[in-house]
file run38.txt (compact mmCIF, C-alpha atoms and all ligand atoms)
# COMPACT_ATOMS: atom_id res chain seq x y z
CA MET A 473 21.91 152.39 58.27
CA PRO A 474 19.73 150.78 60.93
CA LEU A 475 20.75 147.29 59.86
CA ALA A 476 24.46 147.93 60.47
CA ILE A 477 23.73 149.35 63.93
CA ASN A 478 21.66 146.35 64.81
CA ASN A 479 24.44 144.01 63.75
CA ALA A 480 26.98 145.93 65.79
CA MET A 481 24.73 145.85 68.82
CA LEU A 482 24.13 142.16 68.38
CA ALA A 483 27.86 141.53 68.08
CA SER A 484 28.69 143.39 71.28
CA PHE A 485 25.85 141.67 73.09
CA LEU A 486 27.19 138.26 72.03
CA LEU A 487 30.69 139.32 73.06
CA LEU A 488 29.43 140.30 76.51
CA LEU A 489 27.70 136.96 76.84
CA PHE A 490 30.92 135.05 76.28
CA LEU A 491 33.30 137.16 78.32
CA PRO A 492 34.17 135.45 81.58
CA SER A 493 32.47 137.23 84.43
CA PRO A 494 34.66 138.10 87.45
CA THR A 495 32.81 135.58 89.55
CA SER A 496 31.75 132.86 87.20
CA GLY A 497 29.33 130.02 87.72
CA PHE A 498 27.65 129.12 90.95
CA ALA A 499 30.10 131.12 93.06
CA ALA A 500 28.13 134.19 92.03
CA TRP A 501 24.86 132.76 93.35
CA LEU A 502 26.01 131.84 96.83
CA LYS A 503 25.38 134.77 99.12
CA CYS A 504 28.01 135.55 101.74
CA SER A 505 25.43 135.44 104.53
CA ARG A 506 24.86 131.75 103.81
CA GLN A 507 27.16 128.85 104.41
CA LEU A 508 28.17 126.41 101.76
CA GLU A 509 26.10 123.60 103.24
CA ALA A 510 24.04 120.64 102.15
CA ASP A 511 20.44 121.50 101.26
CA GLU A 512 21.27 125.14 100.59
CA ILE A 513 19.63 126.15 97.30
CA ILE A 514 22.01 127.31 94.59
CA MET A 515 20.53 128.04 91.16
CA ASN A 516 17.31 126.19 92.00
CA ASN A 517 19.10 123.01 93.06
CA LYS A 518 19.85 121.67 96.50
CA VAL A 519 23.50 121.34 97.41
CA ARG A 520 24.33 117.67 97.74
CA HIS A 521 26.22 116.07 100.63
CA ALA A 522 29.71 114.79 100.06
CA GLY A 523 29.21 111.19 98.99
CA GLU A 524 30.42 108.69 101.54
CA GLU A 525 29.24 105.39 100.09
CA ASN A 526 31.97 104.83 97.50
CA ASP A 527 35.27 106.46 98.35
CA ALA A 528 36.66 106.34 94.82
CA SER A 529 33.80 108.35 93.34
CA VAL A 530 33.98 111.21 95.82
CA VAL A 531 35.59 114.43 94.60
CA LYS A 532 38.02 115.61 97.28
CA LEU A 533 40.18 118.59 98.04
CA ALA A 534 43.96 118.37 98.13
CA VAL A 535 46.18 120.61 100.24
CA TYR A 536 49.75 121.45 99.20
CA ASP A 537 52.48 123.44 100.88
CA GLU A 538 53.00 127.08 99.95
CA SER A 539 55.09 126.25 96.88
CA GLY A 540 52.46 123.80 95.65
CA SER A 541 54.98 120.98 95.37
CA THR A 542 54.26 118.81 98.43
CA ARG A 543 50.90 117.44 99.37
CA VAL A 544 50.36 117.86 103.09
CA ASP A 545 46.91 116.49 103.90
CA VAL A 546 46.57 112.95 105.21
CA ALA A 547 43.40 110.92 105.19
CA SER A 548 41.66 110.86 108.55
CA ASP A 549 40.60 107.45 109.72
CA ASN A 550 37.18 108.43 111.01
CA GLY A 551 35.43 107.53 107.74
CA GLY A 552 33.69 110.09 105.56
CA GLY A 553 36.71 110.67 103.36
CA GLY A 554 37.95 113.71 105.29
CA ALA A 555 41.57 114.63 105.86
CA ILE A 556 43.86 116.31 108.37
CA VAL A 557 46.71 118.76 107.94
CA TRP A 558 48.98 118.60 111.00
CA ILE A 559 50.30 121.96 112.10
CA ASP A 560 53.29 122.75 114.32
CA ASN A 561 52.13 123.82 117.75
CA ASP A 562 53.94 127.15 117.70
CA PHE A 563 53.23 128.18 114.10
CA THR A 564 53.03 131.84 113.21
CA SER A 565 51.44 132.12 109.77
CA LEU A 566 51.29 129.44 107.09
CA SER A 567 50.14 129.45 103.50
CA PHE A 568 48.83 126.52 101.52
CA LYS A 569 47.64 125.84 98.01
CA ILE A 570 44.28 124.10 97.94
CA GLY A 571 42.81 122.51 94.84
CA LEU A 572 40.80 119.50 93.84
CA ASP A 573 42.45 116.12 94.18
CA GLN A 574 43.03 115.36 90.51
CA SER A 575 42.90 111.61 91.06
CA THR A 576 39.22 112.01 91.96
CA LEU A 577 38.25 113.95 88.80
CA SER A 578 38.56 111.32 86.09
CA ASP A 579 35.04 111.59 84.67
CA LEU A 580 34.67 115.34 84.96
CA SER A 581 35.49 118.03 82.46
CA ASP A 582 34.61 121.66 83.15
CA ILE A 583 34.85 121.75 86.90
CA GLN A 584 34.40 124.84 89.05
CA TYR A 585 34.49 125.01 92.79
CA VAL A 586 34.20 127.19 95.84
CA VAL A 587 36.03 126.58 99.10
CA GLU A 588 34.98 127.91 102.45
CA SER A 589 36.87 128.28 105.72
CA THR A 590 35.66 128.17 109.27
CA PRO A 591 36.12 129.43 111.90
CA PHE A 592 36.18 132.80 110.24
CA TYR A 593 36.39 135.97 112.23
CA ALA A 594 34.85 138.76 110.23
CA SER A 595 35.93 141.58 112.50
CA PRO A 596 39.61 142.51 112.42
CA SER A 597 41.61 141.78 115.52
CA PRO A 598 42.15 144.80 117.80
CA ARG A 599 44.91 147.06 116.57
CA PRO A 600 48.01 147.39 118.70
CA ALA A 601 48.58 150.84 120.13
CA PRO A 602 50.32 153.16 117.69
CA SER A 603 54.06 152.76 118.03
CA PRO A 604 56.87 155.14 117.05
CA ASN A 605 57.93 154.73 113.46
CA VAL A 606 61.10 152.82 114.20
CA PRO A 607 62.32 150.38 111.56
CA THR A 608 62.23 146.78 112.72
CA ILE A 609 63.45 143.55 111.18
CA ASN A 610 59.97 142.91 109.93
CA SER A 611 59.68 146.19 108.06
CA ASN A 612 62.23 144.96 105.52
CA LYS A 613 60.39 141.75 104.86
CA LYS A 614 57.73 141.46 102.23
CA GLN A 615 54.69 141.34 104.46
CA ARG A 616 51.67 139.89 102.77
CA ASN A 617 50.44 137.97 105.76
CA ALA A 618 46.74 137.85 106.37
CA LYS A 619 45.59 139.13 109.75
CA ARG A 620 43.25 136.22 110.12
CA THR A 621 42.79 132.77 108.67
CA SER A 622 41.38 133.33 105.21
CA PHE A 623 41.80 132.71 101.53
CA THR A 624 44.35 135.12 100.13
CA GLY A 625 44.68 134.25 96.46
CA ALA A 626 43.42 132.18 93.55
CA SER A 627 44.72 130.99 90.20
CA GLY A 628 43.49 131.88 86.75
CA VAL A 629 39.86 132.95 86.52
CA GLY A 630 39.33 132.27 90.20
CA GLY A 631 39.12 134.82 92.98
CA LEU A 632 38.30 135.66 96.55
CA LEU A 633 34.77 135.94 97.88
CA CYS A 634 33.19 137.26 101.06
CA ASN A 635 36.33 138.97 102.33
CA GLY A 636 38.40 135.81 102.11
CA LYS A 637 35.96 133.51 103.83
CA ARG A 638 35.60 131.84 100.45
CA ALA A 639 37.54 131.53 97.24
CA HIS A 640 36.68 130.03 93.90
CA ALA A 641 38.66 128.52 91.07
CA ARG A 642 38.06 126.68 87.87
CA GLY A 643 39.64 123.77 86.05
CA LYS A 644 41.37 120.64 87.27
CA ASN A 645 44.59 122.54 87.91
CA GLY A 646 42.95 125.59 89.47
CA ASN A 647 43.84 126.30 93.06
CA VAL A 648 43.48 128.86 95.79
CA THR A 649 45.87 130.15 98.44
CA TYR A 650 44.85 129.70 102.04
CA THR A 651 46.61 131.48 104.90
CA LEU A 652 46.35 130.07 108.38
CA VAL A 653 46.88 132.52 111.23
CA PRO A 654 46.91 131.63 114.93
CA ASN A 655 44.21 133.21 117.03
CA LYS A 656 43.12 133.08 120.64
CA VAL A 657 39.92 131.17 120.03
CA SER A 658 41.63 128.33 118.25
CA ASP A 659 44.47 128.19 120.77
CA THR A 660 42.00 127.22 123.44
CA ASN A 661 40.25 124.67 121.28
CA LYS A 662 40.64 121.41 123.20
CA ASP A 663 40.85 119.30 120.05
CA GLY A 664 43.63 121.45 118.67
CA ILE A 665 41.57 122.28 115.61
CA ILE A 666 42.64 125.60 114.14
CA ALA A 667 40.36 125.73 111.13
CA GLU A 668 38.35 123.64 108.74
CA VAL A 669 38.01 123.89 104.98
CA TRP A 670 35.53 122.28 102.63
CA GLY A 671 34.38 122.87 99.11
CA GLY A 672 31.49 122.59 96.72
CA TRP A 673 31.96 121.77 93.05
CA SER A 674 29.89 121.52 89.92
CA GLU A 675 30.31 120.72 86.27
CA TYR A 676 29.01 123.38 83.92
CA HIS A 677 25.85 124.60 85.63
CA GLY A 678 24.91 121.34 87.30
CA ASP A 679 24.11 120.60 90.92
CA VAL A 680 26.67 121.60 93.52
CA THR A 681 28.17 118.74 95.55
CA LEU A 682 30.15 119.19 98.74
CA THR A 683 33.61 117.73 99.30
CA PRO A 684 34.68 115.98 102.50
CA ARG A 685 36.16 118.33 105.10
CA ILE A 686 39.79 119.01 105.84
CA ILE A 687 40.78 120.07 109.33
CA PHE A 688 43.94 121.93 110.27
CA LYS A 689 45.00 120.58 113.61
CA LYS A 690 47.86 121.13 116.03
CA LYS A 691 50.32 118.30 116.39
CA ASP A 692 50.33 118.35 120.19
CA SER A 693 46.71 117.26 120.18
CA ALA A 694 47.95 113.90 118.85
CA SER A 695 50.99 113.54 121.11
CA LEU A 696 49.24 111.09 123.41
CA GLU A 697 48.39 108.73 120.55
CA ILE A 698 51.85 109.02 119.01
CA GLY A 699 53.45 108.37 122.41
CA GLN A 700 51.44 105.19 122.78
CA ASP A 701 52.45 104.02 119.32
CA GLN A 702 56.13 104.56 120.06
CA HIS A 703 55.78 102.74 123.37
CA GLY A 704 54.18 99.80 121.58
CA GLN A 705 56.96 99.60 119.03
CA GLY A 706 59.58 99.74 121.79
CA GLU A 707 58.22 96.61 123.36
CA LEU A 708 58.42 94.55 120.19
C1 LIG B 801 47.98 126.09 90.90
O1 LIG B 801 47.64 126.83 89.75
C2 LIG B 801 48.74 127.25 88.99
C3 LIG B 801 48.20 128.15 87.90
O2 LIG B 801 47.21 127.53 87.15
C4 LIG B 801 49.49 126.04 88.46
O3 LIG B 801 50.61 126.43 87.72
C5 LIG B 801 49.91 125.15 89.63
O4 LIG B 801 50.49 123.97 89.15
C6 LIG B 801 48.73 124.83 90.50
N1 LIG B 801 49.21 124.15 91.70
C7 LIG B 801 48.69 123.02 92.15
C8 LIG B 801 49.27 122.50 93.40
O5 LIG B 801 47.79 122.43 91.58
call {"tool": "encode", "arguments": {"input": "run38.txt", "output": "structure tokens", "more": "lines below"}}
Ligand SMILES: *[C@@H]1O[C@H](CO)[C@@H](O)[C@H](O)[C@H]1NC(C)=O
result
Amino acid sequence: MPLAINNAMLASFLLLLFLPSPTSGFAAWLKCSRQLEADEIIMNNKVRHAGEENDASVVKLAVYDESGSTRVDVASDNGGGGAIVWIDNDFTSLSFKIGLDQSTLSDLSDIQYVVESTPFYASPSPRPAPSPNVPTINSNKKQRNAKRTSFTGASGVGGLLCNGKRAHARGKNGNVTYTLVPNKVSDTNKDGIIAEVWGGWSEYHGDVTLTPRIIFKKKDSASLEIGQDQHGQGEL
């Protein structure tokens, strides 16, 4: 019965077409060797800069604490719509949930996005010398810490890309987990900047637009400014 076989084949072909692929949408087209940057070509279209002209129309990222309950990014005052997450100077490892700021998504429906982190150190840090197998306090803890700053999880149909340098998620409530790890390079950064995260988003298969950037910055890099503020208030 050639007709029946053809129908079955057609049915499975259609099923395949509509199954979500592991890396859906434009995330699959962005090669790991390239950065998520303006003017990069994704699916025949240039990636567009984060809009700066009208703040309210710019799609932004939002950063929450590990539990996802408290928003931790604050708008930076240097224009451009970027934000800062202030980090304790002596932090060990911190996880955040990062998603799209839902208050900036009013006109959009099927949104998908990719986030990228820099600096990103692709080579693992040197291993400590092998030590005797003695139980330590840490060995009882659930250790899921990343060895370097990277994306370490994603909700729903999202996932990790490029070894954690990127992650992708879909939907207004989609989010990714980002783990910040101290490293020698960032400790010597004079501005106290530990890492920077930005995203690119698109609706259906439309153009990709960048979001403003979010920097993760040590608090002591702002101590001078804060000290001046407190001094000013004291004199009032
Ligand atoms: C992250 O995604 C999960 C799963 O979809 C959702 O339950 C949670 O509310 C999201 N968190 C944030 C901060 O958006």
call {"tool": "residues_near_ligand", "arguments": {"input": "run38.txt", "ligand": "ligand LIG 801 (chain B)", "cutoff": "10 Å", "atoms": "all atoms listed in the file", "output": "number ranges by chain"}}
result
A: 534-543, 568-574, 626-630, 641-649
call {"tool": "write_last_selection", "arguments": {"input": "run38.txt", "atoms": "C-alpha atoms", "output": "mmCIF file, keeping the file's coordinate frame"}}
result
data_model
loop_
_atom_site.group_PDB
_atom_site.id
_atom_site.type_symbol
_atom_site.label_atom_id
_atom_site.label_comp_id
_atom_site.auth_asym_id
_atom_site.auth_seq_id
_atom_site.Cartn_x
_atom_site.Cartn_y
_atom_site.Cartn_z
ATOM 1 C CA ALA A 534 43.960 118.370 98.130
ATOM 2 C CA VAL A 535 46.180 120.610 100.240
ATOM 3 C CA TYR A 536 49.750 121.450 99.200
ATOM 4 C CA ASP A 537 52.480 123.440 100.880
ATOM 5 C CA GLU A 538 53.000 127.080 99.950
ATOM 6 C CA SER A 539 55.090 126.250 96.880
ATOM 7 C CA GLY A 540 52.460 123.800 95.650
ATOM 8 C CA SER A 541 54.980 120.980 95.370
ATOM 9 C CA THR A 542 54.260 118.810 98.430
ATOM 10 C CA ARG A 543 50.900 117.440 99.370
ATOM 11 C CA PHE A 568 48.830 126.520 101.520
ATOM 12 C CA LYS A 569 47.640 125.840 98.010
ATOM 13 C CA ILE A 570 44.280 124.100 97.940
ATOM 14 C CA GLY A 571 42.810 122.510 94.840
ATOM 15 C CA LEU A 572 40.800 119.500 93.840
ATOM 16 C CA ASP A 573 42.450 116.120 94.180
ATOM 17 C CA GLN A 574 43.030 115.360 90.510
ATOM 18 C CA ALA A 626 43.420 132.180 93.550
ATOM 19 C CA SER A 627 44.720 130.990 90.200
ATOM 20 C CA GLY A 628 43.490 131.880 86.750
ATOM 21 C CA VAL A 629 39.860 132.950 86.520
ATOM 22 C CA GLY A 630 39.330 132.270 90.200
ATOM 23 C CA ALA A 641 38.660 128.520 91.070
ATOM 24 C CA ARG A 642 38.060 126.680 87.870
ATOM 25 C CA GLY A 643 39.640 123.770 86.050
ATOM 26 C CA LYS A 644 41.370 120.640 87.270
ATOM 27 C CA ASN A 645 44.590 122.540 87.910
ATOM 28 C CA GLY A 646 42.950 125.590 89.470
ATOM 29 C CA ASN A 647 43.840 126.300 93.060
ATOM 30 C CA VAL A 648 43.480 128.860 95.790
ATOM 31 C CA THR A 649 45.870 130.150 98.440
#
call {"tool": "atom_distance", "arguments": {"input": "run38.txt", "atom1": "atom CA of A:Phe623", "atom2": "atom CA of A:Ser567"}}
result
9.2 Å
call {"tool": "closest_residue", "arguments": {"input": "run38.txt", "among": "A:Leu652, A:Asp545, A:Glu509, A:Gly671", "to": "A:Ala639", "atoms": "all atoms listed in the file"}}
result
A:Gly671
call {"tool": "axis_aligned_box", "arguments": {"input": "run38.txt", "around": "stretch 630-640 of chain A", "padding_each_side": "6 Å", "output": "JSON"}}
result
{"center_x": 36.3, "center_y": 134.5, "center_z": 97.0, "size_x": 18.1, "size_y": 20.9, "size_z": 25.6}
call {"tool": "residues_around", "arguments": {"input": "run38.txt", "residues": "A:Ser589", "least_positions_apart": "6", "cutoff": "6 Å", "atoms": "all atoms listed in the file", "output": "PyMOL selection string"}}
result
chain A and resi 637+668-669
call {"tool": "atom_distance", "arguments": {"input": "run38.txt", "atom1": "atom CA of A:Ser578", "atom2": "atom CA of A:Thr651"}}
result
28.7 Å
call {"tool": "closest_residue", "arguments": {"input": "run38.txt", "among": "A:Lys690, A:Leu577, A:Asn516, A:Arg685", "to": "A:Asn550", "atoms": "all atoms listed in the file"}}
result
A:Arg685
call {"tool": "atom_distance", "arguments": {"input": "run38.txt", "atom1": "atom CA of A:Val530", "atom2": "atom CA of A:Ile559"}}
result
25.4 Å
call {"tool": "residues_around", "arguments": {"input": "run38.txt", "residues": "A:Cys504", "least_positions_apart": "6", "cutoff": "12 Å", "atoms": "only C-alpha atoms", "output": "ChimeraX atom specification"}}
result
/A:586,588,594,632-639
call {"tool": "residues_around", "arguments": {"input": "run38.txt", "residues": "A:Gly553", "least_positions_apart": "2", "cutoff": "9 Å", "atoms": "all atoms listed in the file", "output": "number ranges by chain"}}
result
A: 522-524, 527, 530, 532, 547-551, 555, 683-685
call {"tool": "decode", "arguments": {"input": "run38.txt", "residues": "stretch 627-641 of chain A", "atoms": "all heavy atoms", "output": "CSV table (one decimal), in the first residue's frame"}}
result
chain,number,residue,atom,x,y,z
A,627,SER,N,15.9,27.8,32.0
A,627,SER,CA,14.5,27.3,32.3
A,627,SER,C,14.0,26.7,31.0
A,627,SER,O,14.4,27.0,29.9
A,627,SER,CB,13.6,28.5,32.7
A,627,SER,OG,13.5,29.4,31.7
A,628,GLY,N,13.0,25.9,31.1
A,628,GLY,CA,12.1,25.5,30.0
A,628,GLY,C,12.9,25.0,28.8
A,628,GLY,O,13.7,24.1,29.0
A,629,VAL,N,12.6,25.5,27.7
A,629,VAL,CA,13.2,25.0,26.4
A,629,VAL,C,14.5,25.7,26.2
A,629,VAL,O,15.1,25.5,25.2
A,629,VAL,CB,12.3,25.3,25.2
A,629,VAL,CG1,11.0,24.5,25.3
A,629,VAL,CG2,12.0,26.8,25.1
A,630,GLY,N,15.0,26.4,27.2
A,630,GLY,CA,16.3,27.1,27.0
A,630,GLY,C,17.5,26.1,27.2
A,630,GLY,O,17.3,24.9,27.5
A,631,GLY,N,18.7,26.6,27.2
A,631,GLY,CA,19.8,25.8,27.4
A,631,GLY,C,21.1,26.5,27.4
A,631,GLY,O,21.1,27.8,27.2
A,632,LEU,N,22.2,25.8,27.6
A,632,LEU,CA,23.5,26.4,27.6
A,632,LEU,C,24.2,26.3,26.2
A,632,LEU,O,23.9,25.3,25.5
A,632,LEU,CB,24.4,25.7,28.7
A,632,LEU,CG,23.9,25.7,30.1
A,632,LEU,CD1,24.8,24.9,31.0
A,632,LEU,CD2,23.7,27.2,30.6
A,633,LEU,N,25.0,27.2,25.9
A,633,LEU,CA,25.7,27.2,24.6
A,633,LEU,C,27.1,27.5,24.8
A,633,LEU,O,27.5,28.3,25.8
A,633,LEU,CB,25.1,28.3,23.7
A,633,LEU,CG,23.6,28.2,23.3
A,633,LEU,CD1,23.1,29.5,22.7
A,633,LEU,CD2,23.4,27.0,22.3
A,634,CYS,N,28.0,27.0,23.9
A,634,CYS,CA,29.4,27.4,23.9
A,634,CYS,C,30.0,27.3,25.3
A,634,CYS,O,30.7,28.2,25.8
A,634,CYS,CB,29.5,28.9,23.4
A,634,CYS,SG,28.6,29.3,21.9
A,635,ASN,N,29.8,26.1,25.9
A,635,ASN,CA,30.4,25.8,27.2
A,635,ASN,C,30.1,26.7,28.3
A,635,ASN,O,30.8,26.9,29.2
A,635,ASN,CB,31.9,25.9,26.9
A,635,ASN,CG,32.6,24.6,27.3
A,635,ASN,OD1,32.0,23.7,28.0
A,635,ASN,ND2,33.8,24.4,26.9
A,636,GLY,N,28.9,27.4,28.2
A,636,GLY,CA,28.5,28.3,29.3
A,636,GLY,C,28.8,29.7,29.0
A,636,GLY,O,28.5,30.6,29.9
A,637,LYS,N,29.5,30.0,27.9
A,637,LYS,CA,29.7,31.4,27.6
A,637,LYS,C,28.4,32.1,27.2
A,637,LYS,O,28.2,33.3,27.4
A,637,LYS,CB,30.6,31.5,26.4
A,637,LYS,CG,30.9,32.8,25.8
A,637,LYS,CD,31.7,32.7,24.5
A,637,LYS,CE,31.9,34.0,23.8
A,637,LYS,NZ,32.6,33.7,22.5
A,638,ARG,N,27.5,31.3,26.7
A,638,ARG,CA,26.1,31.8,26.4
A,638,ARG,C,25.1,30.8,26.9
A,638,ARG,O,25.3,29.7,27.2
A,638,ARG,CB,25.9,31.8,24.9
A,638,ARG,CG,26.7,32.9,24.2
A,638,ARG,CD,26.3,32.9,22.7
A,638,ARG,NE,27.3,33.8,22.1
A,638,ARG,CZ,28.0,33.5,21.0
A,638,ARG,NH1,27.7,32.4,20.4
A,638,ARG,NH2,28.9,34.3,20.6
A,639,ALA,N,23.9,31.4,27.1
A,639,ALA,CA,22.7,30.6,27.3
A,639,ALA,C,21.5,31.2,26.6
A,639,ALA,O,21.6,32.4,26.2
A,639,ALA,CB,22.4,30.6,28.8
A,640,HIS,N,20.5,30.4,26.3
A,640,HIS,CA,19.3,30.9,25.7
A,640,HIS,C,18.1,30.4,26.4
A,640,HIS,O,18.1,29.4,27.1
A,640,HIS,CB,19.3,30.5,24.2
A,640,HIS,CG,19.1,29.0,24.0
A,640,HIS,ND1,17.9,28.5,23.5
A,640,HIS,CD2,19.9,28.0,24.2
A,640,HIS,CE1,18.0,27.1,23.5
A,640,HIS,NE2,19.3,26.8,23.8
A,641,ALA,N,17.0,31.2,26.2
A,641,ALA,CA,15.8,30.9,26.9
A,641,ALA,C,14.7,31.5,26.0
A,641,ALA,O,14.9,32.3,25.1
A,641,ALA,CB,15.7,31.5,28.3
